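Visitor: Structure: structure04.cif, mmCIF, C-alpha atoms.
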data_query
loop_
_atom_site.label_atom_id
_atom_site.label_comp_id
_atom_site.auth_asym_id
_atom_site.auth_seq_id
_atom_site.Cartn_x
_atom_site.Cartn_y
_atom_site.Cartn_z
CA MET T 1 39.52 -56.94 -33.58
CA LYS T 2 36.89 -57.60 -36.26
CA GLU T 3 34.59 -54.76 -37.27
CA LYS T 4 30.85 -55.24 -36.89
CA LEU T 5 28.64 -55.67 -39.93
CA VAL T 6 24.86 -56.19 -39.92
CA LEU T 7 23.54 -58.34 -42.77
CA ALA T 8 19.87 -58.20 -43.79
CA PHE T 9 19.36 -61.96 -43.81
CA SER T 10 16.50 -63.98 -45.32
CA GLY T 11 18.19 -67.38 -45.37
CA GLY T 12 18.09 -67.63 -49.16
CA LEU T 13 21.06 -68.35 -51.38
CA ASP T 14 22.25 -64.76 -51.86
CA THR T 15 22.19 -63.80 -48.19
CA SER T 16 23.63 -67.19 -47.17
CA PHE T 17 26.56 -66.56 -49.50
CA CYS T 18 26.96 -63.04 -48.12
CA ALA T 19 27.04 -64.30 -44.52
CA LYS T 20 29.88 -66.73 -45.22
CA TYR T 21 31.79 -64.56 -47.72
CA LEU T 22 31.76 -61.41 -45.60
CA SER T 23 33.01 -63.34 -42.59
CA VAL T 24 35.64 -65.55 -44.23
CA GLU T 25 36.92 -63.42 -47.11
CA LYS T 26 36.44 -59.91 -45.72
CA GLY T 27 36.97 -60.59 -42.05
CA TYR T 28 33.86 -58.88 -40.70
CA GLU T 29 32.08 -59.84 -37.51
CA VAL T 30 28.76 -60.65 -39.17
CA HIS T 31 25.55 -60.06 -37.24
CA THR T 32 22.52 -61.30 -39.17
CA ALA T 33 19.05 -59.81 -38.77
CA ILE T 34 15.69 -60.49 -40.34
CA ALA T 35 12.90 -57.89 -40.23
CA ASN T 36 9.55 -59.67 -40.18
CA THR T 37 6.66 -57.62 -41.54
CA GLY T 38 4.16 -60.47 -41.29
CA GLY T 39 5.36 -62.75 -44.08
CA PHE T 40 7.17 -65.36 -41.95
CA SER T 41 5.78 -67.99 -39.59
CA ASP T 42 7.44 -68.81 -36.24
CA VAL T 43 8.71 -72.09 -37.72
CA GLU T 44 10.25 -70.28 -40.70
CA LEU T 45 11.88 -67.68 -38.44
CA LYS T 46 13.40 -70.41 -36.27
CA SER T 47 14.78 -72.17 -39.35
CA ILE T 48 16.31 -68.93 -40.62
CA GLU T 49 17.96 -68.33 -37.25
CA GLU T 50 19.48 -71.84 -37.26
CA ARG T 51 20.78 -71.31 -40.79
CA ALA T 52 22.42 -68.02 -39.77
CA PHE T 53 24.38 -69.62 -36.95
CA LYS T 54 25.46 -72.53 -39.17
CA LEU T 55 26.88 -69.95 -41.56
CA GLY T 56 28.95 -68.45 -38.75
CA ALA T 57 26.91 -65.44 -37.67
CA ALA T 58 28.14 -63.91 -34.43
CA THR T 59 24.55 -63.12 -33.44
CA HIS T 60 21.14 -63.26 -35.08
CA ALA T 61 18.16 -61.00 -34.43
CA THR T 62 14.52 -61.35 -35.42
CA LEU T 63 12.99 -57.89 -35.64
CA ASP T 64 9.18 -57.97 -35.65
CA VAL T 65 7.87 -54.79 -37.26
CA THR T 66 4.50 -56.13 -38.45
CA LYS T 67 2.49 -53.76 -36.28
CA GLU T 68 4.58 -50.78 -37.36
CA TYR T 69 4.13 -51.82 -40.99
CA TYR T 70 0.36 -51.80 -40.57
CA GLU T 71 0.21 -48.52 -38.65
CA LYS T 72 2.62 -46.62 -40.89
CA SER T 73 1.88 -48.10 -44.29
CA ILE T 74 -1.00 -50.53 -44.82
CA LYS T 75 -3.47 -48.27 -43.04
CA TYR T 76 -2.70 -45.40 -45.40
CA MET T 77 -2.66 -47.64 -48.46
CA VAL T 78 -6.24 -48.60 -47.57
CA PHE T 79 -7.22 -44.97 -46.91
CA GLY T 80 -5.81 -44.09 -50.34
CA ASN T 81 -7.19 -47.22 -52.08
CA VAL T 82 -3.66 -47.66 -53.42
CA LEU T 83 -3.42 -49.93 -56.46
CA ARG T 84 -0.37 -49.26 -58.61
CA ASN T 85 -1.42 -48.91 -62.24
CA GLY T 86 -4.93 -49.69 -61.02
CA THR T 87 -3.88 -53.29 -60.35
CA TYR T 88 -1.14 -54.01 -57.83
CA PRO T 89 -1.64 -53.30 -54.09
CA ILE T 90 2.12 -52.65 -53.65
CA SER T 91 2.30 -55.88 -51.69
CA VAL T 92 5.79 -57.11 -50.87
CA SER T 93 7.49 -53.99 -52.24
CA SER T 94 5.93 -51.78 -49.54
CA GLU T 95 7.38 -54.07 -46.88
CA ARG T 96 10.95 -53.51 -48.02
CA ILE T 97 11.12 -49.94 -46.73
CA PHE T 98 10.11 -51.03 -43.23
CA GLN T 99 12.51 -53.94 -43.31
CA ALA T 100 15.27 -51.55 -44.33
CA ILE T 101 14.38 -49.11 -41.54
CA ALA T 102 14.42 -51.92 -38.96
CA ILE T 103 17.78 -53.26 -40.19
CA ILE T 104 19.56 -49.90 -40.18
CA GLU T 105 18.18 -48.97 -36.76
CA TYR T 106 19.44 -52.30 -35.43
CA ALA T 107 22.85 -51.65 -36.99
CA LYS T 108 23.02 -48.31 -35.18
CA LYS T 109 21.88 -49.93 -31.94
CA ILE T 110 24.70 -52.48 -31.86
CA GLY T 111 27.32 -50.02 -33.12
CA ALA T 112 27.95 -51.63 -36.51
CA LYS T 113 30.21 -49.77 -38.93
CA TYR T 114 28.85 -51.63 -41.95
CA VAL T 115 25.49 -52.88 -43.21
CA ALA T 116 24.93 -55.35 -46.05
CA HIS T 117 22.11 -56.77 -48.16
CA GLY T 118 21.89 -59.41 -50.87
CA SER T 119 19.98 -57.54 -53.57
CA THR T 120 21.05 -57.89 -57.18
CA GLY T 121 21.65 -55.00 -59.58
CA ALA T 122 18.52 -55.64 -61.65
CA GLY T 123 15.65 -54.88 -59.28
CA ASN T 124 13.92 -52.28 -57.12
CA ASP T 125 14.96 -53.63 -53.72
CA GLN T 126 18.58 -52.49 -54.04
CA VAL T 127 17.36 -48.88 -54.26
CA ARG T 128 14.92 -49.27 -51.38
CA PHE T 129 17.61 -50.64 -49.08
CA ASP T 130 20.43 -48.32 -50.18
CA LEU T 131 18.36 -45.15 -50.07
CA THR T 132 16.89 -45.91 -46.64
CA PHE T 133 20.30 -46.81 -45.23
CA GLN T 134 21.87 -43.64 -46.64
CA VAL T 135 19.19 -41.32 -45.30
CA LEU T 136 18.96 -42.80 -41.80
CA ALA T 137 22.62 -43.63 -41.25
CA PRO T 138 24.97 -41.98 -43.76
CA GLU T 139 27.90 -42.83 -41.50
CA ILE T 140 27.39 -46.60 -42.00
CA GLU T 141 28.98 -48.03 -45.14
CA ILE T 142 26.84 -50.27 -47.39
CA ILE T 143 28.31 -53.57 -48.61
CA THR T 144 26.63 -55.55 -51.45
CA PRO T 145 28.66 -58.58 -52.65
CA THR T 146 25.92 -60.12 -54.82
CA ARG T 147 25.43 -56.91 -56.77
CA ASP T 148 29.07 -55.85 -56.96
CA MET T 149 30.48 -59.23 -57.96
CA THR T 150 27.72 -60.11 -60.47
CA LEU T 151 27.59 -63.66 -59.14
CA THR T 152 25.90 -66.75 -60.59
CA ARG T 153 23.89 -69.18 -58.47
CA GLU T 154 26.40 -71.91 -59.30
CA TYR T 155 29.30 -69.84 -58.01
CA GLU T 156 27.51 -69.09 -54.72
CA ILE T 157 26.48 -72.73 -54.19
CA ASN T 158 29.99 -74.03 -54.91
CA TYR T 159 31.52 -71.44 -52.60
CA LEU T 160 29.25 -72.49 -49.74
CA LYS T 161 30.00 -76.18 -50.36
CA GLU T 162 33.71 -75.49 -50.34
CA HIS T 163 33.31 -73.90 -46.93
CA GLY T 164 31.38 -76.80 -45.47
CA TYR T 165 27.85 -75.48 -45.81
CA VAL T 166 25.36 -77.56 -47.77
CA ALA T 167 21.66 -76.77 -48.10
CA ASP T 168 18.86 -77.37 -50.57
CA PHE T 169 19.20 -74.38 -52.85
CA THR T 170 17.35 -76.05 -55.71
CA LYS T 171 16.23 -73.25 -57.97
CA MET T 172 12.46 -73.16 -58.02
CA GLU T 173 10.67 -72.45 -61.26
CA TYR T 174 9.21 -69.36 -59.62
CA SER T 175 10.49 -66.79 -57.15
CA ILE T 176 7.87 -66.37 -54.43
CA ASN T 177 7.85 -63.57 -51.86
CA LYS T 178 5.09 -63.89 -49.31
CA GLY T 179 3.96 -60.92 -47.24
CA LEU T 180 1.08 -59.74 -45.08
CA TRP T 181 -0.29 -57.56 -47.90
CA GLY T 182 0.14 -60.15 -50.67
CA THR T 183 2.46 -62.63 -52.35
CA SER T 184 4.47 -61.98 -55.51
CA VAL T 185 5.20 -64.76 -58.01
CA GLY T 186 7.95 -64.22 -60.60
CA GLY T 187 9.61 -66.35 -63.26
CA LYS T 188 8.93 -68.21 -66.49
CA GLU T 189 5.69 -66.73 -67.87
CA THR T 190 6.18 -63.39 -66.09
CA LEU T 191 9.28 -62.84 -68.23
CA LYS T 192 7.20 -63.03 -71.42
CA SER T 193 4.87 -60.23 -72.48
CA ASP T 194 2.31 -62.60 -74.03
CA GLN T 195 1.95 -65.21 -71.25
CA THR T 196 0.39 -65.49 -67.82
CA LEU T 197 0.90 -67.74 -64.81
CA PRO T 198 -0.70 -71.18 -64.78
CA GLU T 199 -2.93 -72.33 -61.94
CA GLU T 200 -0.21 -74.40 -60.26
CA ALA T 201 2.17 -71.43 -60.00
CA TYR T 202 0.09 -69.77 -57.29
CA PRO T 203 0.94 -70.77 -53.69
CA SER T 204 -2.73 -70.77 -52.65
CA GLN T 205 -4.97 -73.25 -54.40
CA ILE T 206 -8.78 -73.22 -54.56
CA THR T 207 -10.38 -75.25 -51.77
CA LYS T 208 -13.96 -73.97 -52.01
CA ASN T 209 -16.39 -73.92 -54.92
CA ASP T 210 -19.88 -73.23 -53.57
CA GLY T 211 -19.50 -69.50 -52.91
CA GLU T 212 -20.20 -67.60 -49.69
CA LEU T 213 -21.02 -64.18 -48.30
CA LEU T 214 -18.18 -62.19 -46.74
CA THR T 215 -18.75 -59.05 -44.68
CA ILE T 216 -16.07 -56.54 -43.76
CA ASP T 217 -16.62 -53.87 -41.09
CA PHE T 218 -14.80 -50.54 -41.16
CA ASN T 219 -14.49 -47.86 -38.49
CA LYS T 220 -13.15 -44.52 -39.73
CA GLY T 221 -11.59 -46.28 -42.69
CA GLU T 222 -9.86 -49.06 -40.76
CA ILE T 223 -10.92 -52.69 -40.89
CA CYS T 224 -12.41 -53.72 -37.56
CA GLY T 225 -14.53 -56.81 -38.21
CA VAL T 226 -14.91 -59.80 -40.52
CA ASN T 227 -18.11 -61.83 -40.87
CA GLY T 228 -19.55 -60.26 -37.75
CA VAL T 229 -16.49 -61.00 -35.60
CA ALA T 230 -14.81 -57.92 -34.13
CA PHE T 231 -11.03 -57.67 -34.42
CA GLU T 232 -9.01 -55.39 -32.19
CA ASP T 233 -5.87 -56.63 -33.94
CA LYS T 234 -6.04 -55.25 -37.49
CA ILE T 235 -3.35 -57.68 -38.66
CA GLU T 236 -5.46 -60.68 -37.69
CA ALA T 237 -8.45 -59.10 -39.45
CA ILE T 238 -6.40 -58.82 -42.64
CA ARG T 239 -5.39 -62.47 -42.33
CA ALA T 240 -9.02 -63.50 -41.87
CA VAL T 241 -10.03 -61.75 -45.11
CA GLU T 242 -7.00 -63.21 -46.88
CA ALA T 243 -7.95 -66.74 -45.81
CA ALA T 244 -11.55 -66.29 -46.93
CA GLY T 245 -10.61 -64.95 -50.37
CA ALA T 246 -7.65 -67.24 -51.03
CA ALA T 247 -9.88 -70.29 -50.65
CA TYR T 248 -11.64 -69.14 -53.85
CA GLY T 249 -8.51 -68.08 -55.76
CA VAL T 250 -9.53 -64.42 -55.44
CA GLY T 251 -6.90 -61.68 -55.80
CA ARG T 252 -4.76 -63.13 -58.57
CA ASP T 253 -3.45 -60.89 -61.32
CA MET T 254 -0.41 -59.81 -63.31
CA HIS T 255 1.25 -56.45 -62.69
CA ILE T 256 3.19 -54.69 -65.42
CA GLY T 257 4.86 -51.46 -64.36
CA ASP T 258 7.85 -49.17 -64.46
CA THR T 259 10.67 -50.03 -62.09
CA ILE T 260 12.73 -47.49 -60.17
CA ILE T 261 15.72 -48.25 -62.37
CA GLY T 262 13.83 -47.46 -65.56
CA ILE T 263 13.04 -50.82 -67.13
CA LYS T 264 9.61 -52.44 -67.37
CA GLY T 265 8.88 -55.08 -64.76
CA ARG T 266 6.30 -57.86 -64.82
CA VAL T 267 5.22 -60.00 -61.88
CA GLY T 268 2.30 -62.19 -60.93
CA PHE T 269 0.70 -61.87 -57.53
CA GLU T 270 -2.05 -63.08 -55.27
CA ALA T 271 -3.42 -60.66 -52.71
CA ALA T 272 -6.94 -61.69 -51.75
CA GLY T 273 -6.89 -59.78 -48.46
CA ALA T 274 -5.51 -56.56 -49.91
CA LEU T 275 -7.79 -56.46 -52.96
CA LEU T 276 -10.96 -57.35 -51.05
CA ILE T 277 -10.25 -54.82 -48.31
CA ILE T 278 -9.27 -52.01 -50.69
CA ASN T 279 -12.24 -52.50 -53.02
CA ALA T 280 -14.70 -52.89 -50.14
CA HIS T 281 -13.29 -49.72 -48.57
CA LYS T 282 -13.55 -47.88 -51.87
CA MET T 283 -17.19 -48.86 -52.24
CA LEU T 284 -17.98 -47.67 -48.71
CA GLU T 285 -16.30 -44.34 -49.54
CA LYS T 286 -18.53 -43.94 -52.60
CA HIS T 287 -21.48 -43.93 -50.22
CA THR T 288 -19.98 -41.80 -47.44
CA LEU T 289 -17.69 -39.20 -49.09
CA THR T 290 -18.56 -36.21 -51.21
CA LYS T 291 -17.66 -36.00 -54.89
CA TRP T 292 -14.69 -33.71 -54.27
CA GLN T 293 -13.39 -35.68 -51.30
CA GLN T 294 -13.24 -38.73 -53.56
CA TYR T 295 -11.67 -36.79 -56.42
CA TRP T 296 -8.78 -35.31 -54.45
CA LYS T 297 -8.26 -38.47 -52.45
CA ASP T 298 -7.85 -40.38 -55.73
CA GLN T 299 -5.15 -37.93 -56.82
CA LEU T 300 -3.18 -38.11 -53.57
CA GLY T 301 -3.69 -41.86 -53.23
CA THR T 302 -2.04 -42.37 -56.62
CA TRP T 303 0.92 -40.18 -55.67
CA TYR T 304 1.23 -41.80 -52.25
CA GLY T 305 1.41 -45.26 -53.82
CA MET T 306 3.93 -44.17 -56.43
CA PHE T 307 6.21 -42.54 -53.85
CA LEU T 308 5.97 -45.57 -51.57
CA HIS T 309 6.82 -47.95 -54.41
CA GLU T 310 9.81 -45.82 -55.47
CA ALA T 311 11.52 -45.72 -52.06
CA GLN T 312 10.30 -42.22 -51.13
CA TYR T 313 8.63 -43.18 -47.85
CA LEU T 314 10.99 -40.94 -45.84
CA GLU T 315 10.17 -37.87 -47.97
CA PRO T 316 8.34 -35.41 -45.62
CA VAL T 317 5.51 -34.87 -48.11
CA MET T 318 4.40 -38.43 -47.34
CA ARG T 319 3.48 -37.34 -43.80
CA ASP T 320 1.46 -34.46 -45.28
CA MET T 321 -0.43 -36.82 -47.57
CA GLU T 322 -1.09 -39.19 -44.67
CA LYS T 323 -2.71 -36.38 -42.70
CA PHE T 324 -4.99 -35.56 -45.61
CA LEU T 325 -5.91 -39.21 -46.18
CA GLU T 326 -6.67 -39.73 -42.50
CA SER T 327 -8.85 -36.62 -42.34
CA THR T 328 -11.06 -38.00 -45.12
CA GLN T 329 -11.91 -41.13 -43.12
CA GLN T 330 -14.05 -39.65 -40.36
CA ASN T 331 -17.31 -40.90 -41.89
CA VAL T 332 -16.00 -44.05 -43.56
CA THR T 333 -17.72 -46.37 -41.13
CA GLY T 334 -20.00 -49.26 -41.97
CA THR T 335 -20.25 -52.80 -43.29
CA VAL T 336 -19.60 -54.00 -46.84
CA LYS T 337 -21.15 -57.21 -48.17
CA ILE T 338 -19.19 -59.27 -50.70
CA GLN T 339 -20.18 -62.43 -52.56
CA LEU T 340 -17.21 -64.76 -53.02
CA ARG T 341 -17.01 -67.38 -55.76
CA PRO T 342 -14.15 -69.19 -57.53
CA TYR T 343 -11.77 -66.67 -59.15
CA SER T 344 -14.10 -63.71 -58.61
CA TYR T 345 -16.24 -61.71 -56.23
CA THR T 346 -19.08 -59.20 -56.32
CA LEU T 347 -19.44 -56.13 -54.09
CA ILE T 348 -23.10 -56.40 -53.08
CA GLY T 349 -23.66 -53.28 -51.06
CA VAL T 350 -23.06 -51.36 -47.83
CA GLU T 351 -24.75 -50.55 -44.57
CA SER T 352 -23.71 -47.28 -42.95
CA SER T 353 -25.30 -44.56 -40.84
CA PHE T 354 -23.19 -42.11 -42.92
CA ASP T 355 -24.63 -43.32 -46.24
CA LEU T 356 -25.27 -40.21 -48.34
CA MET T 357 -27.90 -42.08 -50.35
CA LYS T 358 -30.14 -42.20 -47.30
CA THR T 359 -31.57 -38.69 -47.41
CA ASP T 360 -34.92 -36.98 -47.82
CA PHE T 361 -33.68 -35.06 -50.87
CA GLY T 362 -34.73 -37.65 -53.40
CA GLU T 363 -34.09 -41.01 -55.00
CA TYR T 364 -31.99 -41.13 -58.14
CA GLY T 365 -34.07 -41.64 -61.26
CA GLU T 366 -37.26 -41.87 -59.23
CA VAL T 367 -38.40 -39.01 -57.00
CA ASN T 368 -37.19 -35.43 -56.43
CA ARG T 369 -38.24 -33.94 -53.10
CA ALA T 370 -35.85 -31.08 -52.35
CA TRP T 371 -36.30 -29.24 -55.67
CA SER T 372 -39.00 -28.60 -58.24
CA ALA T 373 -39.16 -29.13 -62.00
CA ASP T 374 -38.79 -25.36 -62.51
CA ASP T 375 -35.68 -25.37 -60.29
CA VAL T 376 -34.01 -27.90 -62.60
CA LYS T 377 -35.05 -26.01 -65.73
CA GLY T 378 -33.48 -22.78 -64.40
CA PHE T 379 -30.37 -24.55 -63.12
CA THR T 380 -29.80 -26.28 -66.46
CA LYS T 381 -30.26 -23.02 -68.37
CA ILE T 382 -27.59 -21.27 -66.30
CA LEU T 383 -25.28 -24.32 -66.44
CA ALA T 384 -25.48 -24.24 -70.25
CA ASN T 385 -24.58 -20.55 -70.57
CA GLN T 386 -20.83 -21.00 -70.92
CA MET T 387 -21.18 -23.56 -73.73
CA LYS T 388 -23.92 -21.54 -75.43
CA ILE T 389 -21.63 -18.52 -75.55
CA TYR T 390 -18.78 -20.59 -77.00
CA TYR T 391 -20.84 -22.11 -79.81
CA ASN T 392 -22.53 -18.78 -80.54
CA VAL T 393 -19.11 -17.18 -81.08
CA GLN T 394 -17.95 -20.09 -83.29
CA LYS T 395 -21.06 -19.80 -85.46
CA ARG T 396 -20.61 -16.03 -85.82
CA ASN T 397 -17.02 -16.46 -87.00
CA GLU T 398 -17.98 -19.05 -89.58
CA LYS T 399 -19.97 -16.46 -91.55
#
Once more with this new file: its structure as structure tokens, please.

Guide:
Amino acid sequence: MKEKLVLAFSGGLDTSFCAKYLSVEKGYEVHTAIANTGGFSDVELKSIEERAFKLGAATHATLDVTKEYYEKSIKYMVFGNVLRNGTYPISVSSERIFQAIAIIEYAKKIGAKYVAHGSTGAGNDQVRFDLTFQVLAPEIEIITPTRDMTLTREYEINYLKEHGYVADFTKMEYSINKGLWGTSVGGKETLKSDQTLPEEAYPSQITKNDGELLTIDFNKGEICGVNGVAFEDKIEAIRAVEAAGAAYGVGRDMHIGDTIIGIKGRVGFEAAGALLIINAHKMLEKHTLTKWQQYWKDQLGTWYGMFLHEAQYLEPVMRDMEKFLESTQQNVTGTVKIQLRPYSYTLIGVESSFDLMKTDFGEYGEVNRAWSADDVKGFTKILANQMKIYYNVQKRNEK
């Protein structure tokens, strides 16, 4: 009797090879599964399922974890204004953890003794999958043919042809990974330190040129409306912002960062929805949070993003940080106005009943109402004491 193996299956060349190789050469009963975190359409999912069965999969499962991905990750990345190295909204990479969780839970559910993925040995995803599998199911053995055999594309294609499976595996100039929170674009120019992606490399092309006003509504830090339309489904709200920004080519950039395995990595991306939502949210926080709330939230947001990127989502401290981030959002409610134009946008302003600018204490640079001129003179004199003492001592010792 064949032993059960669950293969994380995307339908690409590496996982297609794994499906056939693990069944034919290793004798496993291969059960393919794809964890959708919002990056695949129904048509794409159906095509992937058909490909799995053509490759000999015993069963195929489509695991939809988009809602879980929003509730357990995206929501907190917005609360923390997470931009890795101040640039990258941890787009596709944040999805991998939740895909790995879904795959290993499915493997346990069907009683599989083995789990496999098609990651190579040169990227971050191998660590994200391996670590998650090991923590959640140490009893299930991990199989990784692509990584272990150091295979070439030609070898994989020829192997599949020899076993009666032919598909269009034409190598694209760029590797594109589309997700709910953004799309990564790698290849060619991203492999050079002195080049950037050309216009045609981006999946979304500019379709609007006149410019328009975009409004985003937040309730306790969560997106809840776009252009005056209320959204109960946060995922659809994100897609609405993405569509509005992508039409102007907003959200494109190049991320250069440190990988989990220690080498520098460079990738292009487009993430109109993520960048517009995060920066609108950050602006609303500037109006509704105190100085020290913002300061400490910036510190934890940076750590939260780093841990998430480096496969540490299951570390208990992440739950502690999430509680802090959520507690800071009680007054982050209001509407942010954004002017969109080709390749750029401007944060115009906010409307919020929690706006800390709207007080009777005074108007910056104009009028002071809650204190007098003498109050400021005395305050400044006391504030200067520490520095006065320091420079007085320095001067005395110079003699």

Visitor: From the list T:Lys178, T:Lys286, T:Lys75, T:His31, which residue is nearest Lys4 (chain T) when using only C-alpha atoms?

Guide: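 Looking at the shortest contact to Lys4 (chain T), the residue is T:His31.
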
Visitor: What separation in Å, quoted to one decimal, exists between CA of Val317 (chain T) and CA of Leu275 (chain T)?

Guide: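 That distance, rounded to one decimal, is 25.8 Å.
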
Visitor: Please work out which residues fall within 10 Å of (4.8, -69.3, -60.7), coordinates as given in the file, with all atoms listed in the file counting, and return them as an NGL selection string.

Guide: :T and (172-176 or 184-190 or 196-203 or 267-269)

Visitor: Taking only C-alpha atoms into account, name the residue in T:Asp210, T:His163, T:Trp181, T:Thr335 that is nearest to Asn227 (chain T).

Guide: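 The closest residue to Asn227 (chain T) is T:Thr335.
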
Visitor: Report as a short mmCIF file (atom, residue, chain, number, x, y, z; two decimals) with C-alpha atoms, in the coordinates of the input the residues that result from applying the PyMOL selection byres ((chain T and resi 23) around 12) to the structure here.

Guide:
data_model
loop_
_atom_site.label_atom_id
_atom_site.label_comp_id
_atom_site.auth_asym_id
_atom_site.auth_seq_id
_atom_site.Cartn_x
_atom_site.Cartn_y
_atom_site.Cartn_z
CA LYS T 2 36.89 -57.60 -36.26
CA GLU T 3 34.59 -54.76 -37.27
CA LYS T 4 30.85 -55.24 -36.89
CA LEU T 5 28.64 -55.67 -39.93
CA VAL T 6 24.86 -56.19 -39.92
CA LEU T 7 23.54 -58.34 -42.77
CA SER T 16 23.63 -67.19 -47.17
CA PHE T 17 26.56 -66.56 -49.50
CA CYS T 18 26.96 -63.04 -48.12
CA ALA T 19 27.04 -64.30 -44.52
CA LYS T 20 29.88 -66.73 -45.22
CA TYR T 21 31.79 -64.56 -47.72
CA LEU T 22 31.76 -61.41 -45.60
CA VAL T 24 35.64 -65.55 -44.23
CA GLU T 25 36.92 -63.42 -47.11
CA LYS T 26 36.44 -59.91 -45.72
CA GLY T 27 36.97 -60.59 -42.05
CA TYR T 28 33.86 -58.88 -40.70
CA GLU T 29 32.08 -59.84 -37.51
CA VAL T 30 28.76 -60.65 -39.17
CA HIS T 31 25.55 -60.06 -37.24
CA THR T 32 22.52 -61.30 -39.17
CA ALA T 52 22.42 -68.02 -39.77
CA LEU T 55 26.88 -69.95 -41.56
CA GLY T 56 28.95 -68.45 -38.75
CA ALA T 57 26.91 -65.44 -37.67
CA ALA T 58 28.14 -63.91 -34.43
CA ALA T 116 24.93 -55.35 -46.05
CA PRO T 145 28.66 -58.58 -52.65
CA HIS T 163 33.31 -73.90 -46.93
#

Visitor: Which of these residues is nearest to Thr259 (chain T), using only C-alpha atoms: T:Ala311, T:Val226, T:Val82, T:Leu300?

Guide: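 Once distances to Thr259 (chain T) are computed over only C-alpha atoms, the minimum belongs to T:Ala311.
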
Visitor: Between T:Asn85, T:Ser93, T:Ser119, T:Asn124, which residue has the minimum interatomic distance to Thr37 (chain T), considering only C-alpha atoms?

Guide: T:Ser93

Visitor: Taking all atoms listed in the file into account, name the residue in T:Gly86, T:Pro316, T:Gly118, T:Gly349 that is nearest to Ala8 (chain T).

Guide: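 Of all the options, T:Gly118 lies closest to Ala8 (chain T).
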
Visitor: Calculated over all atoms listed in the file, which of the candidates T:Asp217, T:Asp298, T:Phe379, T:Ser372 has the smallest distance to Val350 (chain T)?

Guide: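 Distance minimum relative to Val350 (chain T) lands on T:Asp217.
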
Visitor: Have a look at CA of Glu222 (chain T) and CA of Ile101 (chain T) and let me know their distance in Å, one decimal.

Guide: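 It comes out at 24.3 Å.
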
Visitor: Exactly which residues make up the result of the PyMOL selection byres ((chain T and resi 340-348) around 7) on this file, given as a PyMOL selection string?

Guide: chain T and resi 209-214+248-250+280+337-339+349

Visitor: May I ask for the distance between CA of Gly39 (chain T) and CA of Val92 (chain T), given in Å to one decimal place?

Guide: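 Result for CA of Gly39 (chain T) versus CA of Val92 (chain T): 8.8 Å, one decimal.
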
Visitor: Need to verify the contact set: Arg369 (chain T), 10 Å, all atoms listed in the file, exclusion of same-chain residues closer than 4 positions in sequence. Can you return it as a list of chain:residue names?

Guide: T:Thr359, T:Asp360, T:Phe361, T:Gly362, T:Glu363

Visitor: Could you write out that same residue set with C-alpha atoms as a compact mmCIF listing (two decimals), in the frame of the given file?

Guide:
# COMPACT_ATOMS: atom_id res chain seq x y z
CA THR T 359 -31.57 -38.69 -47.41
CA ASP T 360 -34.92 -36.98 -47.82
CA PHE T 361 -33.68 -35.06 -50.87
CA GLY T 362 -34.73 -37.65 -53.40
CA GLU T 363 -34.09 -41.01 -55.00
